[in-house]
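As stored in target38.txt (compact mmCIF, C-alpha atoms):
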```txt
# COMPACT_ATOMS: atom_id res chain seq x y z
CA MET A 1 83.94 129.65 95.35
CA PRO A 2 80.77 127.58 95.29
CA ILE A 3 81.48 123.83 95.20
CA LYS A 4 78.76 121.30 94.58
CA THR A 5 79.37 117.57 94.99
CA GLU A 6 77.35 114.60 93.81
CA GLU A 7 78.12 110.91 93.97
CA TYR A 8 77.61 108.55 91.04
CA ASP A 9 78.39 104.91 91.86
CA GLN A 10 81.45 105.67 94.04
CA VAL A 11 82.60 108.54 91.80
CA CYS A 12 82.49 112.05 93.22
CA VAL A 13 81.53 114.74 90.75
CA MET A 14 82.72 118.09 92.00
CA THR A 15 81.35 121.15 90.23
CA VAL A 16 83.28 124.36 90.77
CA GLU A 17 82.20 127.92 89.91
CA GLY A 18 84.36 130.99 89.49
CA ASP A 19 88.07 131.49 89.03
CA PHE A 20 90.23 128.61 90.28
CA THR A 21 92.86 130.80 91.89
CA ALA A 22 94.94 131.26 95.02
CA ASP A 23 92.00 133.01 96.66
CA ASN A 24 89.77 129.96 96.63
CA VAL A 25 91.53 126.67 95.79
CA GLN A 26 91.77 125.74 99.46
CA ALA A 27 88.01 125.14 99.53
CA ALA A 28 88.32 122.56 96.74
CA LYS A 29 91.27 120.86 98.43
CA LYS A 30 89.43 120.76 101.75
CA ALA A 31 86.30 119.32 100.13
CA THR A 32 88.41 116.67 98.40
CA GLU A 33 90.10 115.67 101.66
CA GLN A 34 86.79 115.46 103.51
CA LEU A 35 85.20 113.27 100.84
CA MET A 36 88.21 110.99 100.81
CA ASP A 37 88.36 110.72 104.59
CA GLN A 38 84.66 110.55 105.44
CA ARG A 39 83.18 108.74 102.42
CA HIS A 40 86.30 106.90 101.25
CA LEU A 41 85.94 108.22 97.71
CA VAL A 42 89.03 108.08 95.49
CA ASP A 43 87.61 108.68 91.99
CA PHE A 44 86.78 112.28 91.15
CA VAL A 45 85.42 114.16 88.16
CA LEU A 46 86.02 117.90 88.35
CA ASP A 47 83.49 119.85 86.29
CA LEU A 48 85.10 123.14 85.25
CA GLU A 49 82.34 124.43 82.98
CA LYS A 50 81.83 127.56 85.08
CA VAL A 51 85.54 128.20 85.67
CA PRO A 52 86.79 130.97 83.36
CA PHE A 53 90.37 131.15 84.68
CA ILE A 54 92.97 129.02 86.45
CA ASP A 55 96.11 130.58 87.93
CA SER A 56 99.34 128.86 89.01
CA GLU A 57 97.95 127.95 92.44
CA GLY A 58 94.87 126.54 90.75
CA LEU A 59 97.11 124.40 88.56
CA GLU A 60 99.02 123.26 91.64
CA ALA A 61 95.73 122.35 93.31
CA LEU A 62 94.69 120.31 90.25
CA LEU A 63 98.01 118.47 90.34
CA TRP A 64 97.63 117.92 94.08
CA MET A 65 94.13 116.50 93.58
CA LYS A 66 95.39 114.20 90.84
CA MET A 67 98.31 112.94 92.92
CA ARG A 68 96.08 112.50 95.97
CA CYS A 69 93.59 110.41 93.96
CA GLU A 70 96.31 108.33 92.34
CA GLY A 71 97.99 107.81 95.70
CA LEU A 72 94.82 106.03 96.79
CA PHE A 73 94.57 104.14 93.47
CA GLY A 74 91.86 106.45 92.21
CA GLN A 75 91.44 108.78 89.26
CA LEU A 76 90.82 112.45 88.55
CA LYS A 77 89.17 113.51 85.32
CA LEU A 78 88.47 117.07 84.18
CA VAL A 79 85.35 117.87 82.19
CA ASN A 80 83.79 120.83 80.39
CA LEU A 81 86.93 122.95 80.18
CA ASP A 82 86.30 126.22 78.39
CA GLU A 83 88.72 127.39 75.71
CA ASN A 84 90.63 129.67 78.09
CA CYS A 85 91.27 126.93 80.66
CA ARG A 86 92.19 124.46 77.93
CA LYS A 87 94.77 126.96 76.59
CA ILE A 88 96.20 127.46 80.09
CA LEU A 89 96.76 123.70 80.36
CA GLU A 90 98.34 123.66 76.90
CA ILE A 91 100.65 126.62 77.55
CA THR A 92 101.83 125.12 80.83
CA ARG A 93 102.26 121.74 79.10
CA LEU A 94 99.96 120.07 81.58
CA THR A 95 97.44 118.79 79.04
CA HIS A 96 99.11 115.37 78.98
CA ARG A 97 98.97 115.12 82.80
CA PHE A 98 95.17 115.26 82.97
CA ASP A 99 92.44 113.11 81.52
CA CYS A 100 90.19 115.78 80.00
CA GLN A 101 86.79 114.68 78.75
CA ALA A 102 84.19 116.64 76.81
CA ASP A 103 81.33 115.98 79.21
CA LEU A 104 80.32 114.28 82.43
CA THR A 105 78.67 111.28 80.76
CA THR A 106 81.86 110.42 78.87
CA ALA A 107 84.01 110.88 81.96
CA LEU A 108 81.81 108.58 84.04
CA LYS A 109 81.80 105.93 81.31
CA THR A 110 85.59 105.94 81.17
CA MET A 111 86.01 105.37 84.91
CA ARG A 112 87.17 101.88 85.75
```

Could the structure of this file be written out as structure tokens, please?
Amino acid sequence: MPIKTEEYDQVCVMTVEGDFTADNVQAAKKATEQLMDQRHLVDFVLDLEKVPFIDSEGLEALLWMKMRCEGLFGQLKLVNLDENCRKILEITRLTHRFDCQADLTTALKTMR
């Protein structure tokens, strides 16, 4: 799973490509941990535009990332969810747990 990270004024934007599943969520978790430990980043925007599917382990990883950010008084926002991923969050009743924004610009503007 290719993961690209960029920093915008102390906010890490993590762009993920491919299915967010048990086979590859560990890479996203590891990248998150490294950025938190090495660069002291606590605010993340996860760009899911190129993620067509999220399985249960992917959902668990999203929840883990959210709790990890909040544990350090940070935030996690999701952007560019396609219809399939949005439906997965709705079916699992996790929509209310995540701050989902339409695009990166909006997500960055809504960061504290």

Residues around (93.3, 119.8, 92.1), cut-off 12 Å, counting all atoms listed in the file - what are they as a PDB file with C-alpha atoms, keeping the file's coordinate frame?
```
ATOM      1  CA  MET A  14      82.720 118.090  92.000  1.00  0.00           C
ATOM      2  CA  VAL A  16      83.280 124.360  90.770  1.00  0.00           C
ATOM      3  CA  PHE A  20      90.230 128.610  90.280  1.00  0.00           C
ATOM      4  CA  THR A  21      92.860 130.800  91.890  1.00  0.00           C
ATOM      5  CA  ALA A  22      94.940 131.260  95.020  1.00  0.00           C
ATOM      6  CA  ASN A  24      89.770 129.960  96.630  1.00  0.00           C
ATOM      7  CA  VAL A  25      91.530 126.670  95.790  1.00  0.00           C
ATOM      8  CA  GLN A  26      91.770 125.740  99.460  1.00  0.00           C
ATOM      9  CA  ALA A  27      88.010 125.140  99.530  1.00  0.00           C
ATOM     10  CA  ALA A  28      88.320 122.560  96.740  1.00  0.00           C
ATOM     11  CA  LYS A  29      91.270 120.860  98.430  1.00  0.00           C
ATOM     12  CA  LYS A  30      89.430 120.760 101.750  1.00  0.00           C
ATOM     13  CA  ALA A  31      86.300 119.320 100.130  1.00  0.00           C
ATOM     14  CA  THR A  32      88.410 116.670  98.400  1.00  0.00           C
ATOM     15  CA  GLU A  33      90.100 115.670 101.660  1.00  0.00           C
ATOM     16  CA  PHE A  44      86.780 112.280  91.150  1.00  0.00           C
ATOM     17  CA  VAL A  45      85.420 114.160  88.160  1.00  0.00           C
ATOM     18  CA  LEU A  46      86.020 117.900  88.350  1.00  0.00           C
ATOM     19  CA  ASP A  47      83.490 119.850  86.290  1.00  0.00           C
ATOM     20  CA  LEU A  48      85.100 123.140  85.250  1.00  0.00           C
ATOM     21  CA  ILE A  54      92.970 129.020  86.450  1.00  0.00           C
ATOM     22  CA  ASP A  55      96.110 130.580  87.930  1.00  0.00           C
ATOM     23  CA  SER A  56      99.340 128.860  89.010  1.00  0.00           C
ATOM     24  CA  GLU A  57      97.950 127.950  92.440  1.00  0.00           C
ATOM     25  CA  GLY A  58      94.870 126.540  90.750  1.00  0.00           C
ATOM     26  CA  LEU A  59      97.110 124.400  88.560  1.00  0.00           C
ATOM     27  CA  GLU A  60      99.020 123.260  91.640  1.00  0.00           C
ATOM     28  CA  ALA A  61      95.730 122.350  93.310  1.00  0.00           C
ATOM     29  CA  LEU A  62      94.690 120.310  90.250  1.00  0.00           C
ATOM     30  CA  LEU A  63      98.010 118.470  90.340  1.00  0.00           C
ATOM     31  CA  TRP A  64      97.630 117.920  94.080  1.00  0.00           C
ATOM     32  CA  MET A  65      94.130 116.500  93.580  1.00  0.00           C
ATOM     33  CA  LYS A  66      95.390 114.200  90.840  1.00  0.00           C
ATOM     34  CA  MET A  67      98.310 112.940  92.920  1.00  0.00           C
ATOM     35  CA  ARG A  68      96.080 112.500  95.970  1.00  0.00           C
ATOM     36  CA  CYS A  69      93.590 110.410  93.960  1.00  0.00           C
ATOM     37  CA  GLU A  70      96.310 108.330  92.340  1.00  0.00           C
ATOM     38  CA  GLN A  75      91.440 108.780  89.260  1.00  0.00           C
ATOM     39  CA  LEU A  76      90.820 112.450  88.550  1.00  0.00           C
ATOM     40  CA  LYS A  77      89.170 113.510  85.320  1.00  0.00           C
ATOM     41  CA  LEU A  78      88.470 117.070  84.180  1.00  0.00           C
ATOM     42  CA  ARG A  97      98.970 115.120  82.800  1.00  0.00           C
ATOM     43  CA  PHE A  98      95.170 115.260  82.970  1.00  0.00           C
TER      44      PHE A  98
END
```

Box dimensions and centre (Å, one decimal) enclosing stretch 93-108 of chain A, axis-aligned, 8 Å extra per side, as AutoDock Vina command-line options:
```
--center_x 90.5 --center_y 115.2 --center_z 80.4 --size_x 39.6 --size_y 29.2 --size_z 23.2
```

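Closest approach to A:Phe73 from the set A:Ile88, A:Ala102, A:Leu108, A:Met36 is made by A:Met36, with distances taken over all atoms listed in the file.
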
Exercise for the section: Can you pull out every residue within 10 Å of A:Gln10, counting only C-alpha atoms, but drop anything in the same chain fewer than 6 positions away, and send it as a PyMOL selection string? Expected result: chain A and resi 39-44

Starting from the point (88.8, 131.1, 82.5), work out which residues of protein, DNA or RNA have an atom no more than 9 Å away when counting all atoms listed in the file; state them as a PDB file with C-alpha atoms, in the coordinates of the input.
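Now in selection.pdb:
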```pdb
ATOM      1  CA  GLY A  18      84.360 130.990  89.490  1.00  0.00           C
ATOM      2  CA  ASP A  19      88.070 131.490  89.030  1.00  0.00           C
ATOM      3  CA  PHE A  20      90.230 128.610  90.280  1.00  0.00           C
ATOM      4  CA  LYS A  50      81.830 127.560  85.080  1.00  0.00           C
ATOM      5  CA  VAL A  51      85.540 128.200  85.670  1.00  0.00           C
ATOM      6  CA  PRO A  52      86.790 130.970  83.360  1.00  0.00           C
ATOM      7  CA  PHE A  53      90.370 131.150  84.680  1.00  0.00           C
ATOM      8  CA  ILE A  54      92.970 129.020  86.450  1.00  0.00           C
ATOM      9  CA  LEU A  81      86.930 122.950  80.180  1.00  0.00           C
ATOM     10  CA  ASP A  82      86.300 126.220  78.390  1.00  0.00           C
ATOM     11  CA  GLU A  83      88.720 127.390  75.710  1.00  0.00           C
ATOM     12  CA  ASN A  84      90.630 129.670  78.090  1.00  0.00           C
ATOM     13  CA  CYS A  85      91.270 126.930  80.660  1.00  0.00           C
ATOM     14  CA  ARG A  86      92.190 124.460  77.930  1.00  0.00           C
ATOM     15  CA  ILE A  88      96.200 127.460  80.090  1.00  0.00           C
TER      16      ILE A  88
END
```

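Computed from the coordinates, the atom CA of A:Val11 to atom CA of A:Thr110 distance equals 11.3 Å.
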
Practice task
To one decimal in Å, tell me the separation between atom CA of A:Asp37 and atom CA of A:Thr95.
Solution key: 28.3 Å

Exercise for the section: Could you jot down the atom CA of A:Asp99 to atom CA of A:Val79 separation for me, Å, one decimal place? Expected result: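 Straight-line distance from atom CA of A:Asp99 to atom CA of A:Val79 works out to 8.6 Å.
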
Practice task
Determine the nearest neighbour of A:Thr105 from the options A:Thr92, A:Asn80, A:Thr15, A:Gln34, counting all atoms listed in the file.
Solution key: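 Using all atoms listed in the file, the shortest distance to A:Thr105 belongs to A:Asn80.
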